[in-house]
Every structure is written in C-alpha cells, then in structure tokens.
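Asks: entry.cif is the file, holding mmCIF, C-alpha atoms:
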```cif
data_coords
#
loop_
_atom_site.label_atom_id
_atom_site.label_comp_id
_atom_site.auth_asym_id
_atom_site.auth_seq_id
_atom_site.Cartn_x
_atom_site.Cartn_y
_atom_site.Cartn_z
CA MET A 619 188.05 166.33 129.86
CA GLU A 620 191.81 166.80 129.83
CA ASN A 621 194.21 164.09 128.76
CA LEU A 622 193.95 161.05 131.01
CA ASP A 623 196.70 160.33 133.52
CA TYR A 624 197.52 156.72 132.67
CA ASN A 625 199.69 156.21 135.75
CA LEU A 626 196.95 157.44 138.07
CA LEU A 627 194.35 155.25 136.35
CA LYS A 628 196.63 152.23 136.41
CA THR A 629 197.04 152.58 140.18
CA HIS A 630 193.28 152.98 140.55
CA HIS A 631 192.44 149.91 138.49
CA LYS A 632 195.05 147.71 140.12
CA LYS A 633 193.38 148.51 143.43
CA ILE A 634 189.69 148.07 142.53
CA LEU A 635 189.70 145.16 140.07
CA ASN A 636 189.49 141.82 141.85
CA VAL A 637 188.72 138.66 139.90
CA ASN A 638 186.47 135.82 141.02
CA ASN A 639 187.19 132.65 139.02
CA GLU A 640 183.98 130.79 139.87
CA PRO A 641 182.27 129.65 137.74
CA TYR A 642 184.51 131.53 135.26
CA GLY A 643 186.72 134.57 135.58
CA HIS A 644 184.81 137.81 136.19
CA CYS A 645 185.07 141.02 138.16
CA SER A 646 182.75 143.97 138.71
CA THR A 647 183.00 147.39 140.30
CA LYS A 648 180.76 150.36 141.05
CA ASP A 649 183.65 152.84 140.75
CA PHE A 650 185.40 152.03 137.50
CA PHE A 651 186.66 155.56 136.79
CA PRO A 652 187.27 158.57 139.03
CA GLU A 653 184.06 160.63 139.23
CA ASN A 654 185.20 163.54 137.05
CA ILE A 655 186.16 161.20 134.21
CA ILE A 656 183.03 159.07 134.17
CA LYS A 657 180.74 162.13 134.26
CA SER A 658 182.61 163.69 131.36
CA VAL A 659 182.32 160.48 129.34
CA SER A 660 178.63 160.06 130.17
CA SER A 661 177.70 163.64 129.28
CA SER A 662 179.52 163.38 125.94
CA PHE A 663 177.81 160.13 124.89
CA ARG A 664 175.75 160.79 121.76
CA PHE A 665 175.40 159.19 118.35
CA PRO A 666 175.68 160.96 115.01
CA ASP A 667 172.24 161.56 113.47
CA THR A 668 173.05 159.04 110.74
CA VAL A 669 173.25 156.08 113.16
CA GLY A 670 169.96 154.20 113.37
CA SER A 671 168.88 151.25 115.48
CA THR A 672 169.37 147.58 114.70
CA SER A 673 166.92 144.97 115.85
CA ASP A 674 166.41 141.23 115.85
CA PRO A 675 163.09 140.81 117.68
CA LEU A 676 163.94 137.30 118.85
CA PHE A 677 167.21 138.17 120.52
CA GLN A 678 167.94 141.88 120.55
CA LYS A 679 165.73 144.93 120.24
CA THR A 680 166.02 148.74 120.00
CA LYS A 681 169.80 148.81 120.06
CA ARG A 682 172.02 151.45 118.49
CA SER A 683 175.73 150.84 118.21
CA LEU A 684 178.76 152.62 116.80
CA ASN A 685 182.27 151.21 116.45
CA ASP A 686 183.76 153.84 114.11
CA TYR A 687 186.42 155.48 116.28
CA ASN A 688 186.55 158.54 114.02
CA LEU A 689 182.91 159.34 114.79
CA PHE A 690 183.25 159.10 118.57
CA PRO A 691 183.05 162.22 120.75
CA GLN A 692 186.51 163.32 121.89
CA GLU A 693 185.95 162.17 125.49
CA ILE A 694 184.96 158.70 124.27
CA LYS A 695 188.07 158.54 122.08
CA LYS A 696 190.33 159.32 125.05
CA THR A 697 188.61 156.66 127.14
CA ILE A 698 188.92 154.02 124.41
CA ASP A 699 192.59 154.94 123.94
CA TYR A 700 193.29 154.26 127.59
CA LEU A 701 191.28 151.03 127.72
CA ASN A 702 193.19 149.77 124.67
CA SER A 703 196.55 150.93 126.01
CA ARG A 704 199.37 148.77 127.24
CA SER A 705 198.92 150.30 130.71
CA PHE A 706 195.41 148.91 131.09
CA ILE A 707 196.05 145.64 129.26
CA ASP A 708 198.92 144.90 131.66
CA ILE A 709 196.39 145.03 134.49
CA LEU A 710 193.99 142.70 132.70
CA GLU A 711 196.78 140.20 132.06
CA GLU A 712 197.80 140.26 135.71
CA LYS A 713 194.30 140.07 137.16
CA PHE A 714 193.00 137.35 134.83
CA ASN A 715 196.30 135.50 134.47
CA ILE A 716 196.27 135.73 130.68
CA LYS A 717 199.42 136.38 128.65
CA ASN A 718 199.81 138.36 125.45
CA LEU A 719 196.42 140.07 125.35
CA VAL A 720 195.83 142.38 122.41
CA PRO A 721 193.11 144.99 121.87
CA ASP A 722 190.95 145.29 118.77
CA PRO A 723 191.34 148.81 117.36
CA SER A 724 188.47 148.13 114.94
CA LEU A 725 186.14 147.57 117.93
CA PHE A 726 184.43 144.74 116.06
CA GLY A 727 181.09 144.28 117.82
CA GLY A 728 182.07 146.84 120.46
CA GLY A 729 182.20 150.60 120.89
CA MET A 730 179.20 152.72 121.91
CA HIS A 731 175.96 150.83 122.65
CA GLU A 732 172.52 152.08 123.64
CA SER A 733 169.14 150.40 124.13
CA ARG A 734 165.90 152.32 124.62
CA ASN A 735 162.54 151.57 126.22
CA GLY A 736 161.50 148.00 125.43
CA GLY A 737 165.03 146.98 124.50
CA TYR A 738 166.60 143.70 125.55
CA LEU A 739 169.45 141.34 124.77
CA LYS A 740 168.69 137.67 125.34
CA ILE A 741 171.14 135.49 127.23
CA HIS A 742 173.95 134.27 125.00
CA SER A 743 177.61 133.35 124.73
CA ASP A 744 179.60 135.57 122.38
CA PHE A 745 181.60 134.66 119.32
CA VAL A 746 185.11 133.56 120.27
CA TYR A 747 187.02 133.90 117.00
CA ILE A 748 187.15 136.70 114.43
CA ARG A 749 187.21 135.18 110.97
CA ASN A 750 190.48 135.53 109.07
CA LYS A 751 192.21 137.57 111.78
CA LYS A 752 193.55 134.61 113.77
CA LEU A 753 192.30 136.19 116.98
CA LYS A 754 190.69 134.39 119.90
CA ARG A 755 188.46 136.47 122.13
CA MET A 756 189.33 136.25 125.81
CA LEU A 757 187.66 139.12 127.72
CA ASN A 758 184.67 141.46 127.55
CA LEU A 759 184.70 144.85 129.24
CA LEU A 760 181.42 146.74 129.73
CA VAL A 761 181.30 150.23 131.26
CA TYR A 762 177.89 151.77 132.02
CA LEU A 763 177.13 155.46 131.69
CA ASN A 764 173.59 155.99 132.99
CA GLU A 765 173.10 158.70 135.60
CA GLY A 766 169.92 158.37 137.64
CA TRP A 767 169.16 154.84 136.48
CA ASP A 768 166.21 153.41 138.45
CA GLU A 769 166.45 149.69 139.21
CA ASN A 770 162.70 149.45 138.59
CA TRP A 771 163.50 150.05 134.93
CA GLY A 772 165.40 146.74 134.78
CA GLY A 773 168.27 146.52 132.32
CA ALA A 774 170.63 144.66 134.65
CA ILE A 775 173.19 142.48 132.93
CA GLU A 776 173.00 138.89 134.12
CA LEU A 777 175.86 136.40 134.21
CA TRP A 778 174.84 132.73 134.08
CA ASP A 779 176.88 129.60 134.58
CA GLN A 780 177.76 127.33 131.66
CA ASN A 781 174.78 125.00 132.21
CA MET A 782 172.23 127.84 132.48
CA THR A 783 171.19 126.77 135.97
CA ASN A 784 172.49 129.68 138.06
CA ASN A 785 172.25 133.43 137.47
CA PHE A 786 175.19 134.15 139.77
CA LEU A 787 175.65 137.89 139.11
CA LYS A 788 173.29 140.76 138.28
CA ILE A 789 174.53 144.32 137.75
CA TYR A 790 172.34 147.33 137.03
CA PRO A 791 173.67 149.70 134.35
CA LYS A 792 174.18 152.65 136.68
CA ILE A 793 176.87 155.17 135.90
CA ASN A 794 180.39 153.90 136.63
CA HIS A 795 179.34 150.30 137.12
CA ALA A 796 181.58 148.01 135.06
CA LEU A 797 181.97 144.31 134.37
CA ILE A 798 184.84 142.29 132.92
CA PHE A 799 184.53 138.57 132.21
CA ARG A 800 186.11 135.68 130.32
CA THR A 801 184.66 134.92 126.88
CA ASP A 802 186.85 132.03 125.75
CA ILE A 803 184.40 129.64 127.44
CA GLU A 804 180.61 129.39 127.76
CA SER A 805 180.14 132.71 129.55
CA ASN A 806 176.41 133.30 129.27
CA HIS A 807 175.18 136.86 129.68
CA GLY A 808 172.61 139.44 128.62
CA PHE A 809 169.74 141.65 129.84
CA PRO A 810 166.90 139.44 128.65
CA ASP A 811 163.74 141.28 129.74
CA PRO A 812 162.49 144.52 128.10
CA ILE A 813 163.74 147.60 129.90
CA LYS A 814 161.17 150.07 131.23
CA CYS A 815 163.08 153.33 131.20
CA PRO A 816 161.33 156.55 130.11
CA GLN A 817 161.16 157.19 126.37
CA ASP A 818 163.79 159.93 126.61
CA LYS A 819 166.29 157.72 128.42
CA GLY A 820 168.65 155.04 127.16
CA ARG A 821 170.78 152.24 128.53
CA LYS A 822 174.23 153.48 127.48
CA SER A 823 177.49 151.58 127.65
CA LEU A 824 180.96 151.19 126.22
CA ALA A 825 182.02 147.69 125.16
CA LEU A 826 185.59 146.57 124.49
CA TYR A 827 186.90 143.08 123.73
CA TYR A 828 190.38 141.68 124.19
CA TYR A 829 192.04 138.82 122.31
CA ILE A 830 195.09 136.65 121.99
CA ASN A 831 196.70 135.64 118.73
CA ASP A 832 195.62 132.13 117.79
CA ASN A 833 197.03 130.17 114.86
CA SER A 834 194.91 127.04 115.32
CA LEU A 835 194.02 125.40 112.04
CA PHE A 836 190.73 123.96 113.25
CA ARG A 837 187.98 125.80 115.08
CA ARG A 838 184.41 124.74 115.67
CA THR A 839 182.19 126.88 113.46
CA LYS A 840 179.82 127.69 116.30
CA TYR A 841 182.54 129.83 117.89
CA PHE A 842 182.23 132.36 115.05
CA TYR A 843 178.70 133.23 116.19
CA ALA A 844 176.71 134.19 119.28
CA ARG A 845 174.98 131.18 120.84
CA TRP A 846 171.59 132.04 122.34
CA LYS A 847 170.48 130.34 125.55
CA ARG A 848 167.17 129.49 127.22
CA ARG A 849 166.61 130.51 130.83
CA PRO A 850 165.20 127.77 133.03
CA GLY A 851 161.45 127.93 133.59
CA ILE A 852 160.89 130.72 131.05
CA ASP A 853 159.14 130.29 127.71
CA GLU A 854 161.73 131.89 125.46
CA PRO A 855 160.83 132.14 121.74
CA LYS A 856 163.69 130.39 119.93
CA PHE A 857 167.25 129.49 120.73
CA GLY A 858 170.43 128.13 119.23
CA ASP A 859 172.59 130.07 116.83
CA ASN A 860 169.63 131.20 114.67
CA ARG A 861 170.87 129.59 111.47
CA ASN A 862 169.51 127.03 109.07
CA PHE A 863 169.70 123.23 109.46
CA ILE A 864 172.87 122.86 107.39
CA GLU A 865 174.72 125.46 109.43
CA LYS A 866 173.57 123.88 112.68
CA PHE A 867 174.77 120.49 111.41
CA LYS A 868 178.19 122.01 110.78
CA ASN A 869 178.18 123.47 114.28
CA ASN A 870 177.57 120.12 115.89
CA PHE A 871 179.67 117.79 113.77
CA LEU A 872 182.20 119.62 111.64
CA PHE A 873 185.28 121.71 112.12
CA ARG A 874 186.17 124.69 109.94
CA PHE A 875 189.60 124.82 108.30
CA LYS A 876 191.10 128.29 108.43
#
```
In structure tokens, write the structure found in this file.
Replies:
Amino acid sequence: MENLDYNLLKTHHKKILNVNNEPYGHCSTKDFFPENIIKSVSSSFRFPDTVGSTSDPLFQKTKRSLNDYNLFPQEIKKTIDYLNSRSFIDILEEKFNIKNLVPDPSLFGGGMHESRNGGYLKIHSDFVYIRNKKLKRMLNLLVYLNEGWDENWGGAIELWDQNMTNNFLKIYPKINHALIFRTDIESNHGFPDPIKCPQDKGRKSLALYYYINDNSLFRRTKYFYARWKRRPGIDEPKFGDNRNFIEKFKNNFLFRFK
C-alpha cells in the first residue's frame, strides 16, 4: 500500500459518515475505506508470534490484542496514522459536534484485536477516563477486516440503549464495515454470544478511541472501568464491574479525587 492520500480520504469520509443521535450518537458504514486500501490492510493483519490470547471467561474469551505501534505491520501503521490525524479528527468533530478531540497515540485498550472460534465480548459500557492523563473518552471507532465472513458465524457487534431494553443496531464484522459511537455516556455494546467461525478464521478489527482533555477534580470511580450489562431475558453469569464489595461501594457512593 502506498502512502495514503489524506485529502481523498477526507472527502470520502465526509460523504459517507452520517450520525444518528438516537439514543446516543453513532454512525456505521459498509464502505469505510476505498477497496484497495481495506484489502491491503486486511491482508497485512497478523500478530507477532509472541502475542498470546487474553481471556476472562465471564466477559471476554479467546481475544488477542496488540497496541504497540512499533510492532504493527506497515499497512496498519499507515492506517492508524491517518485515523489519528488532524484530517480525520476534524471530520469526527464536525459529524459528532464535539470540540477539541484528541487521539491516543498509546492506543490504550485499542489497536489490533482478534477473537477466534468460541470468542465473545459481553455487553458493556467502556471506561470513560484514563487515570492520571486527564483525558475523557468520547468516541470509539471500530473497523472490521474479515473477508468472506458468514453471518451464520455470528460475531455481530450489538449496540444497546442505556436501559438495556433495546438492541437498536447490529453490525456483522465483514470487511470494510465500521462503527463509530459516543462513549461518554452509557453506550452499551459487545458481541455477547460465542462466534462459530472455522478454527482457522478470526474476527479481526482495528479499534481507536478519541478523547477530550478534562481537568475535573472529581470523577465517579466506576468510569475508570468497563461496566458489564445483563441482556433482558438471558441468564448471563455475572454482571457489574467485576470487583469486590469495597470497590463496588466506592462506585455507588464515593467520588475519586484526582
């Protein structure tokens, strides 16, 4: 893949990204990048042999992730550079009506993600604040890279309303599908049922998060952690923020001084 034409991509994204603000700001597309770019990114997606899987069987299973920019394939680096550039952030600010967005070059929690057969990610709201960085998380961007993905395999990301009563959006992780949504509120999401892809396949994606600077002295401690949610009518194993009683007490009644 040659160097990306930021002006061309900016024109493309201004045209295709349209935000729906109900029940919270989100937009999706099936054509996030021009075809030659997305195929180059997809074909280059691979982890170094040293990267293993991480798993929490209650909430998340068979996931590999990598956020070390220096270990990314060159095509992934170029893509991340554009998505963290001022050109693309200007579009996000305009579309979502948010001022002064900043990227996270460390890709904390983001980067390259892959789940294999049996993998899942239970419905949750993400952390909002990064400790000690005075950053408030505002947007998630997910770009999917899976050629030939069969919907019978599952793996669709679900967006739920704040009260967990309505799964209002479901997007399969097919190549070039993408989703952007607000994270400064209770934006519940995940792919909660085990995926059924073949053993030699994976659910691959790029994840980037965008922030604003926030100098608030007081922040509820629960916003430093993912908050796991129960789907209506389904016997989920355990939910909350998966911490002990004292931590949960702090979540509900105390504020953290930073």
Asks: Can you tell me which residues surround region 748-763 of chain A at a distance of at most 7 Å, considering all atoms listed in the file, apart from same-chain residues fewer than 4 positions away, and format the answer as number ranges by chain?
Replies: A: 660, 791-802, 822-833, 842
Asks: Starting from the shown file, work through the PyMOL selection byres ((chain A and resi 729-745) around 8) and note down what comes out as a ChimeraX atom specification.
Replies: /A:677-687,725-728,746-748,755,773,776,801,804-817,819-826,840-849
Asks: Could you jot down the CA of Tyr624 (chain A) to CA of Val720 (chain A) separation for me, Å, one decimal place?
Replies: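 For CA of Tyr624 (chain A) relative to CA of Val720 (chain A), the distance reads 17.7 Å.
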Asks: My list of candidates is A:Ile655, A:Ile789, A:Leu710, A:Ala774. Which is closest to Ile634 (chain A) when distances are computed with all atoms listed in the file?
Replies: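 Among the listed residues, the smallest separation from Ile634 (chain A) belongs to A:Leu710.
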Asks: Find the distance between CA of Ser703 (chain A) and CA of Thr629 (chain A) and write it in Å to one decimal.
Replies: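 Going from CA of Ser703 (chain A) over to CA of Thr629 (chain A) covers 14.3 Å.
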